[in-house]
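Okay, my_file-v4.txt now, which holds compact mmCIF, C-alpha atoms:
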```
# COMPACT_ATOMS: atom_id res chain seq x y z
CA MET Z 1 105.67 52.35 32.25
CA GLU Z 2 105.40 49.86 29.40
CA GLY Z 3 107.60 46.83 28.79
CA GLY Z 4 106.03 43.68 30.14
CA GLY Z 5 106.99 43.89 33.82
CA ASP Z 6 105.76 45.23 37.13
CA LEU Z 7 107.87 47.96 38.65
CA ARG Z 8 105.49 48.20 41.58
CA GLY Z 9 104.38 51.69 40.68
CA LEU Z 10 107.88 53.10 40.35
CA ASP Z 11 108.44 55.39 37.39
CA LEU Z 12 111.87 56.56 36.20
CA ALA Z 13 110.22 59.55 34.51
CA ASP Z 14 108.71 60.70 37.81
CA PRO Z 15 110.93 63.11 39.80
CA GLN Z 16 109.67 61.43 42.97
CA PHE Z 17 111.44 58.22 41.96
CA TRP Z 18 114.81 59.95 42.27
CA LYS Z 19 113.96 61.04 45.82
CA LEU Z 20 113.55 57.45 46.96
CA PRO Z 21 116.28 55.85 49.10
CA ARG Z 22 119.09 54.57 46.94
CA ASP Z 23 118.39 50.94 47.87
CA ARG Z 24 114.84 51.27 46.54
CA ARG Z 25 116.10 52.67 43.26
CA LEU Z 26 118.66 49.87 42.89
CA GLU Z 27 115.87 47.33 43.49
CA ALA Z 28 113.89 48.97 40.69
CA PHE Z 29 116.86 48.74 38.33
CA ALA Z 30 117.23 45.05 39.16
CA LEU Z 31 113.59 44.49 38.23
CA LEU Z 32 114.10 46.33 34.96
CA ARG Z 33 117.09 44.14 34.10
CA ARG Z 34 114.84 41.07 34.31
CA LEU Z 35 112.43 42.31 31.64
CA ASP Z 36 112.64 40.83 28.17
CA ARG Z 37 113.08 44.23 26.55
CA PRO Z 38 113.79 47.84 27.59
CA ALA Z 39 110.99 49.49 29.54
CA TYR Z 40 109.43 52.67 28.18
CA PHE Z 41 108.62 55.63 30.41
CA VAL Z 42 106.48 58.63 29.54
CA GLU Z 43 107.69 61.98 30.79
CA ARG Z 44 105.33 64.49 32.32
CA ALA Z 45 104.53 67.87 30.84
CA ALA Z 46 105.04 70.95 33.01
CA ALA Z 47 101.53 70.81 34.47
CA GLY Z 48 101.72 67.11 35.19
CA ARG Z 49 99.98 65.98 31.98
CA ARG Z 50 101.40 63.03 30.05
CA ARG Z 51 102.85 63.53 26.60
CA PRO Z 52 103.64 60.20 24.90
CA GLU Z 53 105.89 61.79 22.32
CA ARG Z 54 108.38 62.66 25.08
CA GLY Z 55 109.01 59.19 26.46
CA PHE Z 56 112.28 57.28 26.66
CA TYR Z 57 113.49 53.68 26.82
CA ALA Z 58 115.67 52.73 29.80
CA LEU Z 59 118.76 50.70 28.86
CA VAL Z 60 119.68 49.01 32.12
CA ARG Z 61 121.79 45.99 31.19
CA HIS Z 62 125.57 46.27 30.96
CA ALA Z 63 125.70 44.79 27.44
CA ASP Z 64 122.98 47.09 26.11
CA VAL Z 65 124.61 50.24 27.54
CA VAL Z 66 127.98 49.23 26.05
CA GLU Z 67 126.49 48.49 22.62
CA ALA Z 68 124.57 51.77 22.49
CA SER Z 69 127.61 53.72 23.69
CA ARG Z 70 129.78 52.32 20.92
CA MET Z 71 127.25 52.87 18.13
CA ALA Z 72 127.20 56.64 17.85
CA ASP Z 73 125.95 56.27 14.28
CA VAL Z 74 122.71 54.87 15.75
CA PHE Z 75 122.48 56.34 19.26
CA ALA Z 76 123.42 60.00 18.92
CA SER Z 77 124.17 62.53 21.65
CA ALA Z 78 122.80 65.52 19.74
CA PRO Z 79 120.84 67.60 20.43
CA GLY Z 80 121.49 66.87 24.09
CA ALA Z 81 122.89 64.03 26.19
CA THR Z 82 121.81 65.57 29.48
CA SER Z 83 118.35 65.82 30.94
CA PRO Z 84 116.65 68.15 30.36
CA GLU Z 85 118.08 68.87 26.93
CA PRO Z 86 119.59 72.33 26.57
CA PRO Z 87 117.21 74.74 24.78
CA ARG Z 88 118.27 75.76 21.29
CA TRP Z 89 118.81 79.38 22.32
CA VAL Z 90 121.15 78.30 25.14
CA ARG Z 91 123.21 76.26 22.68
CA GLY Z 92 123.28 79.25 20.36
CA VAL Z 93 124.56 81.57 23.08
CA PHE Z 94 126.99 79.28 24.89
CA GLY Z 95 127.92 76.85 22.14
CA ASP Z 96 127.54 73.08 22.06
CA SER Z 97 129.27 71.10 24.74
CA MET Z 98 131.40 68.23 23.46
CA VAL Z 99 129.06 65.74 25.17
CA ASN Z 100 126.24 66.95 22.92
CA LEU Z 101 128.08 66.58 19.61
CA ASP Z 102 128.49 63.67 17.19
CA GLY Z 103 130.45 62.71 14.09
CA PRO Z 104 133.12 64.96 12.57
CA ARG Z 105 132.30 67.96 14.79
CA HIS Z 106 132.78 65.87 17.92
CA ALA Z 107 135.89 64.12 16.59
CA GLN Z 108 137.59 67.39 15.63
CA LEU Z 109 136.87 69.04 18.98
CA ARG Z 110 137.93 65.93 20.89
CA ARG Z 111 141.25 65.85 19.00
CA VAL Z 112 142.00 69.39 20.11
CA VAL Z 113 141.00 69.06 23.76
CA SER Z 114 142.67 65.65 24.11
CA ARG Z 115 145.90 67.62 24.47
CA ALA Z 116 144.80 68.18 28.05
CA PHE Z 117 145.00 64.45 28.73
CA THR Z 118 148.09 63.16 26.92
CA PRO Z 119 150.36 60.78 28.89
CA ARG Z 120 153.05 63.46 29.11
CA VAL Z 121 150.67 66.09 30.46
CA LEU Z 122 149.19 63.68 32.98
CA ALA Z 123 152.62 62.47 34.08
CA ASP Z 124 153.69 66.08 34.64
CA ALA Z 125 150.54 66.66 36.70
CA GLU Z 126 150.91 63.61 38.95
CA SER Z 127 153.58 65.02 41.27
CA GLY Z 128 151.53 68.17 41.73
CA ILE Z 129 148.45 66.08 42.50
CA ARG Z 130 150.34 64.13 45.18
CA ASP Z 131 151.58 67.38 46.73
CA LEU Z 132 148.06 68.82 46.70
CA ALA Z 133 146.66 65.70 48.39
CA ALA Z 134 149.24 66.04 51.16
CA ARG Z 135 148.38 69.73 51.69
CA ILE Z 136 144.66 68.95 51.85
CA VAL Z 137 145.10 66.30 54.53
CA ASP Z 138 147.56 68.52 56.42
CA ASP Z 139 144.91 71.25 56.45
CA LEU Z 140 142.21 68.82 57.57
CA LEU Z 141 144.35 67.86 60.55
CA ALA Z 142 145.44 71.40 61.35
CA THR Z 143 141.98 72.95 61.21
CA GLY Z 144 139.97 70.03 62.56
CA ALA Z 145 137.57 70.40 59.65
CA ASP Z 146 134.47 68.26 60.14
CA GLU Z 147 132.87 68.48 56.68
CA PHE Z 148 134.66 66.39 54.08
CA VAL Z 149 133.14 67.51 50.78
CA SER Z 150 134.07 71.18 50.99
CA ALA Z 151 137.36 70.68 52.85
CA ALA Z 152 138.76 67.83 50.76
CA ALA Z 153 136.72 66.27 47.95
CA SER Z 154 135.71 69.50 46.20
CA ARG Z 155 139.05 71.14 46.80
CA MET Z 156 140.99 68.22 45.32
CA ALA Z 157 139.00 68.02 42.10
CA PHE Z 158 138.74 71.79 41.59
CA GLU Z 159 142.34 72.73 42.26
CA VAL Z 160 143.72 70.00 40.00
CA ILE Z 161 141.73 71.31 37.04
CA CYS Z 162 142.64 74.93 37.81
CA ASP Z 163 146.35 74.06 38.11
CA MET Z 164 146.36 72.18 34.81
CA LEU Z 165 144.51 74.92 32.95
CA GLY Z 166 146.53 77.73 34.48
CA VAL Z 167 143.65 79.54 36.20
CA PRO Z 168 145.17 82.29 38.38
CA GLU Z 169 144.75 81.90 42.15
CA PRO Z 170 142.92 85.21 42.76
CA GLY Z 171 139.95 84.23 40.58
CA ARG Z 172 139.45 80.66 41.80
CA VAL Z 173 137.13 81.38 44.70
CA GLU Z 174 134.66 83.14 42.43
CA ILE Z 175 134.88 80.42 39.78
CA ALA Z 176 134.19 77.76 42.42
CA ARG Z 177 131.09 79.69 43.48
CA GLN Z 178 129.86 79.82 39.88
CA VAL Z 179 130.53 76.09 39.39
CA ASP Z 180 128.28 75.31 42.37
CA ARG Z 181 125.54 77.55 41.02
CA ALA Z 182 125.76 76.19 37.48
CA SER Z 183 125.55 72.57 38.58
CA GLU Z 184 123.21 72.68 41.56
CA ASN Z 185 120.09 71.75 39.56
CA ALA Z 186 121.57 69.24 37.13
CA GLY Z 187 119.02 66.50 36.60
CA VAL Z 188 116.62 68.01 39.14
CA ALA Z 189 113.00 68.69 38.29
CA ARG Z 190 112.15 72.34 38.87
CA THR Z 191 108.95 74.29 39.08
CA LEU Z 192 107.57 76.05 36.03
CA ARG Z 193 108.49 79.40 37.54
CA ALA Z 194 112.08 78.25 38.08
CA ARG Z 195 112.34 76.92 34.51
CA ILE Z 196 111.13 80.06 32.77
CA ARG Z 197 113.34 82.52 34.63
CA VAL Z 198 115.75 83.94 32.07
CA PRO Z 199 118.66 83.71 32.19
CA GLY Z 200 118.29 82.07 35.62
CA ARG Z 201 120.80 81.46 38.38
CA GLY Z 202 122.54 78.56 36.64
CA LEU Z 203 122.80 80.30 33.28
CA ARG Z 204 124.13 83.49 34.85
CA ALA Z 205 126.81 81.40 36.55
CA LEU Z 206 127.63 79.68 33.26
CA ALA Z 207 127.89 83.03 31.52
CA ARG Z 208 130.26 84.39 34.16
CA MET Z 209 132.47 81.31 33.90
CA GLN Z 210 132.65 81.64 30.14
CA LEU Z 211 133.46 85.35 30.32
CA THR Z 212 136.27 84.55 32.74
CA VAL Z 213 137.85 81.91 30.55
CA ALA Z 214 137.33 84.01 27.41
CA ALA Z 215 139.47 86.73 28.97
CA LEU Z 216 142.10 84.16 29.92
CA GLY Z 217 142.03 82.74 26.39
CA ARG Z 218 142.59 86.15 24.81
CA GLU Z 219 145.48 86.81 27.16
CA ARG Z 220 147.11 83.43 26.45
CA ARG Z 221 146.81 83.90 22.69
CA ARG Z 222 148.88 87.05 23.07
CA ARG Z 223 151.26 85.67 25.69
CA PRO Z 224 151.23 81.84 25.99
CA THR Z 225 152.48 80.58 29.35
CA GLY Z 226 152.75 76.83 28.76
CA ASP Z 227 149.54 75.90 30.54
CA LEU Z 228 146.64 74.05 28.95
CA ILE Z 229 144.61 77.13 28.13
CA SER Z 230 147.61 78.34 26.14
CA ALA Z 231 147.81 74.99 24.33
CA LEU Z 232 144.10 74.90 23.58
CA VAL Z 233 143.89 78.38 22.08
CA THR Z 234 147.18 78.23 20.14
CA ALA Z 235 147.06 76.53 16.75
CA ASP Z 236 149.19 73.39 16.43
CA VAL Z 237 150.85 72.06 13.28
CA ASP Z 238 147.44 71.09 11.87
CA GLY Z 239 146.16 74.59 12.44
CA GLN Z 240 143.60 73.47 15.01
CA ALA Z 241 142.82 75.52 18.09
CA LEU Z 242 139.72 76.28 20.14
CA SER Z 243 137.69 79.37 19.42
CA THR Z 244 136.70 81.56 22.34
CA ARG Z 245 133.23 80.01 22.49
CA GLN Z 246 134.61 76.47 22.20
CA LEU Z 247 137.07 77.19 24.99
CA GLY Z 248 134.24 78.47 27.16
CA SER Z 249 132.17 75.37 26.49
CA PHE Z 250 135.08 73.03 27.26
CA PHE Z 251 135.97 74.98 30.40
CA SER Z 252 132.38 74.67 31.62
CA LEU Z 253 132.40 70.95 30.87
CA LEU Z 254 135.62 70.43 32.84
CA MET Z 255 134.51 72.57 35.74
CA VAL Z 256 130.99 71.21 36.08
CA ALA Z 257 131.35 67.61 34.86
CA GLY Z 258 135.00 66.90 35.65
CA VAL Z 259 135.08 68.56 39.05
CA GLU Z 260 131.67 67.40 40.23
CA THR Z 261 132.08 63.75 39.25
CA THR Z 262 135.51 63.36 40.83
CA ARG Z 263 134.52 65.14 44.03
CA ASN Z 264 131.48 62.87 44.35
CA ALA Z 265 133.57 59.74 43.85
CA ILE Z 266 135.98 60.94 46.56
CA ALA Z 267 133.12 61.71 48.93
CA HIS Z 268 131.57 58.28 48.37
CA ALA Z 269 135.01 56.72 48.92
CA LEU Z 270 135.15 57.99 52.49
CA VAL Z 271 131.68 56.62 53.22
CA LEU Z 272 132.43 53.23 51.64
CA LEU Z 273 135.71 52.78 53.51
CA THR Z 274 134.00 53.78 56.75
CA ASP Z 275 131.09 51.41 56.23
CA HIS Z 276 133.39 48.53 55.22
CA PRO Z 277 136.26 48.51 57.74
CA GLU Z 278 137.52 45.15 56.49
CA GLN Z 279 138.05 46.61 53.02
CA ARG Z 280 139.71 49.68 54.51
CA ALA Z 281 142.05 47.45 56.53
CA LEU Z 282 142.92 45.45 53.42
CA LEU Z 283 143.67 48.59 51.42
CA THR Z 284 145.78 50.03 54.23
CA SER Z 285 147.73 46.78 54.59
CA ASP Z 286 149.27 47.09 51.10
CA PHE Z 287 148.11 50.28 49.45
CA GLU Z 288 150.04 49.96 46.20
CA ARG Z 289 148.77 46.44 45.68
CA TYR Z 290 145.10 47.21 46.20
CA ALA Z 291 144.73 50.91 45.35
CA ASP Z 292 143.87 50.64 41.66
CA GLY Z 293 141.25 48.00 42.34
CA ALA Z 294 139.84 50.10 45.19
CA VAL Z 295 139.48 53.15 42.96
CA ASP Z 296 137.65 51.17 40.27
CA GLU Z 297 135.36 49.57 42.84
CA ILE Z 298 134.57 52.95 44.41
CA VAL Z 299 133.62 54.32 41.00
CA ARG Z 300 131.54 51.23 40.18
CA ILE Z 301 129.59 51.29 43.43
CA SER Z 302 129.06 55.05 43.53
CA THR Z 303 128.61 55.61 39.75
CA PRO Z 304 129.03 59.43 39.93
CA ILE Z 305 127.12 59.95 36.65
CA ILE Z 306 123.84 58.05 36.84
CA GLN Z 307 122.78 58.32 33.21
CA PHE Z 308 123.17 60.04 29.87
CA ARG Z 309 120.59 60.30 27.09
CA ARG Z 310 120.86 59.26 23.45
CA HIS Z 311 118.66 59.83 20.39
CA VAL Z 312 118.07 57.10 17.82
CA ILE Z 313 118.87 58.29 14.30
CA ARG Z 314 118.32 55.05 12.35
CA PRO Z 315 116.54 51.73 12.98
CA HIS Z 316 118.37 49.23 15.15
CA THR Z 317 117.49 46.18 17.24
CA LEU Z 318 118.96 46.05 20.71
CA GLY Z 319 118.01 44.20 23.89
CA GLY Z 320 114.97 42.58 22.29
CA HIS Z 321 113.48 45.86 21.01
CA ASP Z 322 113.33 47.35 17.51
CA PHE Z 323 114.27 50.99 17.85
CA VAL Z 324 113.20 53.48 15.19
CA ARG Z 325 114.41 56.93 14.27
CA GLY Z 326 113.23 59.48 16.82
CA ASP Z 327 113.26 57.17 19.83
CA ARG Z 328 115.02 58.44 22.94
CA VAL Z 329 116.98 56.23 25.33
CA MET Z 330 118.50 56.58 28.78
CA LEU Z 331 121.87 54.86 29.31
CA LEU Z 332 121.60 53.89 32.98
CA TYR Z 333 125.18 53.41 34.16
CA ALA Z 334 123.94 53.09 37.75
CA SER Z 335 122.05 49.95 36.73
CA ALA Z 336 124.69 48.54 34.35
CA ASN Z 337 127.27 48.70 37.14
CA ARG Z 338 125.11 46.33 39.24
CA ASP Z 339 124.29 43.88 36.43
CA GLU Z 340 124.30 40.33 37.83
CA ALA Z 341 125.24 38.99 34.40
CA VAL Z 342 128.60 40.78 34.62
CA PHE Z 343 129.40 41.31 38.31
CA ASP Z 344 129.43 38.56 40.93
CA ARG Z 345 127.71 39.81 44.12
CA PRO Z 346 127.09 43.15 42.43
CA ASP Z 347 125.99 44.96 45.59
CA ALA Z 348 129.12 43.95 47.52
CA PHE Z 349 131.98 46.44 47.91
CA ASP Z 350 135.07 44.39 47.06
CA ILE Z 351 138.35 46.13 46.26
CA THR Z 352 139.82 42.83 45.00
CA ARG Z 353 137.14 42.46 42.32
CA ARG Z 354 138.68 41.10 39.10
CA PRO Z 355 137.75 41.81 36.41
CA ASN Z 356 135.86 45.04 37.01
CA PRO Z 357 134.51 46.30 33.67
CA HIS Z 358 132.46 49.06 35.27
CA LEU Z 359 130.93 51.86 33.21
CA GLY Z 360 131.64 54.66 35.64
CA TYR Z 361 133.44 56.60 32.89
CA GLY Z 362 131.03 55.62 30.15
CA GLY Z 363 130.45 52.55 28.03
CA GLY Z 364 133.27 53.13 25.56
CA GLY Z 365 132.94 54.60 22.10
CA PRO Z 366 133.63 58.18 21.06
CA HIS Z 367 132.23 59.71 24.26
CA TYR Z 368 134.32 57.70 26.72
CA CYS Z 369 135.52 60.09 29.43
CA LEU Z 370 138.78 61.80 28.46
CA GLY Z 371 139.53 62.51 32.11
CA ALA Z 372 139.17 58.93 33.39
CA HIS Z 373 142.88 58.48 34.08
CA LEU Z 374 143.14 61.91 35.74
CA ALA Z 375 140.21 61.09 38.01
CA ARG Z 376 141.81 57.80 39.05
CA VAL Z 377 145.08 59.59 39.88
CA GLU Z 378 143.27 62.16 42.03
CA ILE Z 379 141.24 59.60 43.98
CA LYS Z 380 144.27 57.39 44.55
CA ALA Z 381 146.46 60.29 45.69
CA LEU Z 382 143.97 61.49 48.29
CA LEU Z 383 143.29 57.98 49.57
CA ARG Z 384 147.03 57.38 49.95
CA GLU Z 385 147.37 60.44 52.14
CA LEU Z 386 144.27 59.73 54.21
CA LEU Z 387 145.29 56.15 54.92
CA SER Z 388 148.93 56.86 55.72
CA ARG Z 389 148.42 59.30 58.58
CA PRO Z 390 148.58 58.36 62.29
CA LEU Z 391 144.98 59.47 62.75
CA ALA Z 392 142.27 57.83 60.66
CA LEU Z 393 139.54 59.92 59.02
CA HIS Z 394 136.04 58.43 59.11
CA ALA Z 395 132.64 59.50 57.84
CA VAL Z 396 130.25 60.50 60.61
CA GLY Z 397 126.56 59.85 60.07
CA VAL Z 398 124.98 59.51 56.66
CA PRO Z 399 125.85 61.64 53.62
CA ASP Z 400 123.60 64.50 52.55
CA LEU Z 401 122.72 63.32 49.05
CA GLY Z 402 121.20 65.38 46.27
CA HIS Z 403 118.00 64.28 44.55
CA SER Z 404 119.03 64.06 40.91
CA ASN Z 405 118.54 61.67 38.02
CA PHE Z 406 121.87 62.77 36.56
CA ASP Z 407 124.63 62.67 39.16
CA ASN Z 408 125.08 60.81 42.44
CA ARG Z 409 125.88 63.97 44.33
CA VAL Z 410 127.09 64.21 47.91
CA ARG Z 411 126.27 67.70 49.09
CA ALA Z 412 127.92 67.29 52.47
CA GLN Z 413 129.48 64.58 54.63
CA ARG Z 414 130.49 65.05 58.25
CA CYS Z 415 133.83 63.52 59.21
CA ALA Z 416 136.19 63.12 62.15
CA PHE Z 417 139.68 61.86 62.88
CA ALA Z 418 140.23 59.05 65.38
CA SER Z 419 143.20 57.08 66.63
CA ARG Z 420 143.90 53.98 64.63
CA PRO Z 421 143.07 50.69 66.38
```

Now that the file is in, can you turn its structure into structure tokens?
Amino acid sequence: MEGGGDLRGLDLADPQFWKLPRDRRLEAFALLRRLDRPAYFVERAAAGRRRPERGFYALVRHADVVEASRMADVFASAPGATSPEPPRWVRGVFGDSMVNLDGPRHAQLRRVVSRAFTPRVLADAESGIRDLAARIVDDLLATGADEFVSAAASRMAFEVICDMLGVPEPGRVEIARQVDRASENAGVARTLRARIRVPGRGLRALARMQLTVAALGRERRRRPTGDLISALVTADVDGQALSTRQLGSFFSLLMVAGVETTRNAIAHALVLLTDHPEQRALLTSDFERYADGAVDEIVRISTPIIQFRRHVIRPHTLGGHDFVRGDRVMLLYASANRDEAVFDRPDAFDITRRPNPHLGYGGGGPHYCLGAHLARVEIKALLRELLSRPLALHAVGVPDLGHSNFDNRVRAQRCAFASRP
């Protein structure tokens, strides 16, 4: 690491850093925020050798992440906002995801897919989301399920997206299996052997998902049914519609990014409300008063997406550093959401926090999450059901967390119902 500070041997480019306990990583971010300029980390080559040309600067302060997010003409997403960047041949086969596009191409695609998130569409979806939340909690009680992620968090996020898109019930189990396979190694360092397998487990899953939605898209072009896939593949008055490959790319983005991030926020919510009974009691005392603040605080504390990458395309000074074309940066939302300059008692879980300008859905700008409102509705609906039942659901033990530098994944969380005090 370079940058004028001592990180006590911790290295954000080292996969071992992301296996450390979360508290240790948050301490490292706090140290980085105290530096006078962004720290630079050098990534390792496959055999463990250093390659200076593949380093990145870590943007850890709230203000710096916001500025970079809103200056897409300086900090570009292309050729890849995720880590590792998608190989060129993968982009050629599967198409570019919207998160990896900039400028007119991104704006045009975003205009088309934003139909999925208009106020009217979301309002129509809300009653269905509330009904789904009630069924999920009913099933938890009826079956005595003791694992929360699979029984509730994953189901909530996945079924909402499938209902909105119009994915038929018979194919959902297989799609869910492919989503898990496609996303299981996001942000995880893999062995050389695992990286060179072609197409690989994740890519095979991605291909199957895209073949599934391509067939649905062809069917809906012939016979639209009023669902979102029909809307996305049918030209509107401006003549804009998604091609088959664009539909596949957007479907994958929704299924992997949208489902995974919301399910992780819901899973963290159960843990947070279990670990902070005073906050749970406050939320239960007047749910409608405190619910929106609770959802935002859950997202701030958990930060489901840890970071995205950007590529500098023209010189710019930010955070005390002069960036030049070709530099790479990491937008560390997990650090920005604990920035002492913005949040009082940043490590405290406080559902009454006002204001709460967290970056859990991005730092603004053209890549701000289109599904932010939908995610809030889902989390709120499930919390309402969980907190209104005679028996209270609690997390049991510690969550089984994934080791990733990309998403704050909860792989499993044991749970149990108990009588309310």

Just the residues within 9 Å of Val167 (chain Z), please, counting all atoms listed in the file, with nothing from its chain fewer than 6 positions along; format it as a ChimeraX atom specification. /Z:161,213,216,227,229

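Note that the spacing between CA of Gly397 (chain Z) and CA of Leu383 (chain Z) amounts to 19.8 Å.
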
Would you work out the distance separating CA of Val295 (chain Z) from CA of Gly371 (chain Z), expressed in Å to one decimal? 14.3 Å

When you look at region 96-110 of chain Z with a cut-off of 10 Å (counting only C-alpha atoms), what residues show up, excluding the ones that are within fewer than 5 positions of it in the same chain? I need them as an MDAnalysis selection string. chainID Z and resid 72:73 75:82 85:86 88 90:91 115 240:242 245:253 308:310 366:370

Between CA of Gln307 (chain Z) and CA of Asn405 (chain Z), what is the distance in Å, rounded to a tenth? 7.2 Å

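Candidate residues Z:Glu278, Z:Ala151, Z:Arg263, Z:Asp327 were compared for distance to Tyr40 (chain Z), and the nearest is Z:Asp327, using all atoms listed in the file.
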
Listing only residues of region 81-190 of chain Z within 8 Å of region 375-381 of chain Z, what is the closest atom pair and its distance in Å (to one decimal) for each, using all atoms listed in the file, sorted by chain and residue number ascending, as a Markdown table?
```
| residue | atom | partner | partner_atom | distance |
| --- | --- | --- | --- | --- |
| Z:Glu126 | CA | Z:Val377 | CA | 7.1 |
| Z:Ile129 | CA | Z:Glu378 | CA | 6.5 |
| Z:Arg130 | CA | Z:Ala381 | CA | 5.5 |
| Z:Ala133 | CA | Z:Ala381 | CA | 6.0 |
| Z:Met156 | CA | Z:Glu378 | CA | 7.3 |
| Z:Ala157 | CA | Z:Glu378 | CA | 7.3 |
```

Please produce a file of those selected residues containing C-alpha atoms, as a CSV table (one decimal), in the coordinates of the input.
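Writing done, so here's part_39.csv:
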```
chain,number,residue,atom,x,y,z
Z,126,GLU,CA,150.9,63.6,39.0
Z,129,ILE,CA,148.4,66.1,42.5
Z,130,ARG,CA,150.3,64.1,45.2
Z,133,ALA,CA,146.7,65.7,48.4
Z,156,MET,CA,141.0,68.2,45.3
Z,157,ALA,CA,139.0,68.0,42.1
```

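Proximity ranking of Z:Asp14, Z:Gly226, Z:Pro315, Z:Ala63 relative to Phe343 (chain Z) places Z:Ala63 first, based on only C-alpha atoms.
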
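Restricting the calculation to only C-alpha atoms, the smallest distance between Ile313 (chain Z) and any of Z:Leu387, Z:Ala125, Z:Ala68, Z:Val299 is found for Z:Ala68.
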
Which polymer residues have any atom within 8 Å of an atom of Thr244 (chain Z), counting all atoms listed in the file, with same-chain residues fewer than 4 positions away left out, as number ranges by chain? Z: 214, 217-218, 233, 248

Identify which of the residues Z:Ala58, Z:Leu132, Z:Ala28, Z:Ile298 lies closest to Leu331 (chain Z), counting all atoms listed in the file when measuring atom-to-atom distances. Z:Ala58

Between Z:Phe17, Z:Phe158, Z:Phe417, Z:Phe349, which is the closest to Leu391 (chain Z) once you count only C-alpha atoms? Z:Phe417

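Closest to Met330 (chain Z) among Z:Asp64, Z:Glu219, Z:Asp347, Z:Asp286 is Z:Asp64, based on all atoms listed in the file.
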
Up to 10 Å from (125.0, 47.6, 32.9) in the file's coordinates: name the residues, counting only C-alpha atoms, as a PyMOL selection string. chain Z and resi 29+33+59-66+331-343+357-359+363

Leu273 (chain Z) environment, 12 Å, only C-alpha atoms, sequence neighbours closer than 5 positions dropped, as number ranges by chain: Z: 266-268, 278-284, 294-295, 297-298, 301, 349-351, 383, 386-387, 392-396

Can you take the partial region 325-329 of chain Z, add all heavy atoms, and return it as a tab-separated table (two decimals), in the coordinates of the input?
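Output file rebuild_28.tsv is given in full below:
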```
chain	number	residue	atom	x	y	z
Z	325	ARG	N	113.94	55.56	14.25
Z	325	ARG	CA	114.41	56.93	14.27
Z	325	ARG	C	113.46	57.80	15.11
Z	325	ARG	O	112.24	57.72	14.97
Z	325	ARG	CB	114.50	57.48	12.85
Z	325	ARG	CG	114.97	58.93	12.75
Z	325	ARG	CD	115.02	59.40	11.30
Z	325	ARG	NE	115.36	60.80	11.21
Z	325	ARG	CZ	116.59	61.28	11.20
Z	325	ARG	NH1	117.61	60.45	11.25
Z	325	ARG	NH2	116.82	62.59	11.13
Z	326	GLY	N	114.03	58.60	15.97
Z	326	GLY	CA	113.23	59.48	16.82
Z	326	GLY	C	113.06	58.97	18.24
Z	326	GLY	O	112.67	59.74	19.12
Z	327	ASP	N	113.33	57.68	18.47
Z	327	ASP	CA	113.26	57.17	19.83
Z	327	ASP	C	114.34	57.81	20.70
Z	327	ASP	O	115.41	58.18	20.21
Z	327	ASP	CB	113.45	55.65	19.86
Z	327	ASP	CG	112.24	54.88	19.38
Z	327	ASP	OD1	111.14	55.47	19.35
Z	327	ASP	OD2	112.38	53.69	19.03
Z	328	ARG	N	114.05	57.91	21.98
Z	328	ARG	CA	115.02	58.44	22.94
Z	328	ARG	C	115.32	57.35	23.96
Z	328	ARG	O	114.43	56.61	24.38
Z	328	ARG	CB	114.46	59.69	23.63
Z	328	ARG	CG	114.15	60.81	22.64
Z	328	ARG	CD	113.16	61.81	23.19
Z	328	ARG	NE	113.76	62.70	24.16
Z	328	ARG	CZ	113.36	62.79	25.43
Z	328	ARG	NH1	112.38	62.03	25.87
Z	328	ARG	NH2	113.94	63.63	26.27
Z	329	VAL	N	116.59	57.26	24.37
Z	329	VAL	CA	116.98	56.23	25.33
Z	329	VAL	C	117.78	56.86	26.47
Z	329	VAL	O	118.41	57.91	26.31
Z	329	VAL	CB	117.81	55.10	24.68
Z	329	VAL	CG1	117.04	54.42	23.56
Z	329	VAL	CG2	119.14	55.62	24.18
```
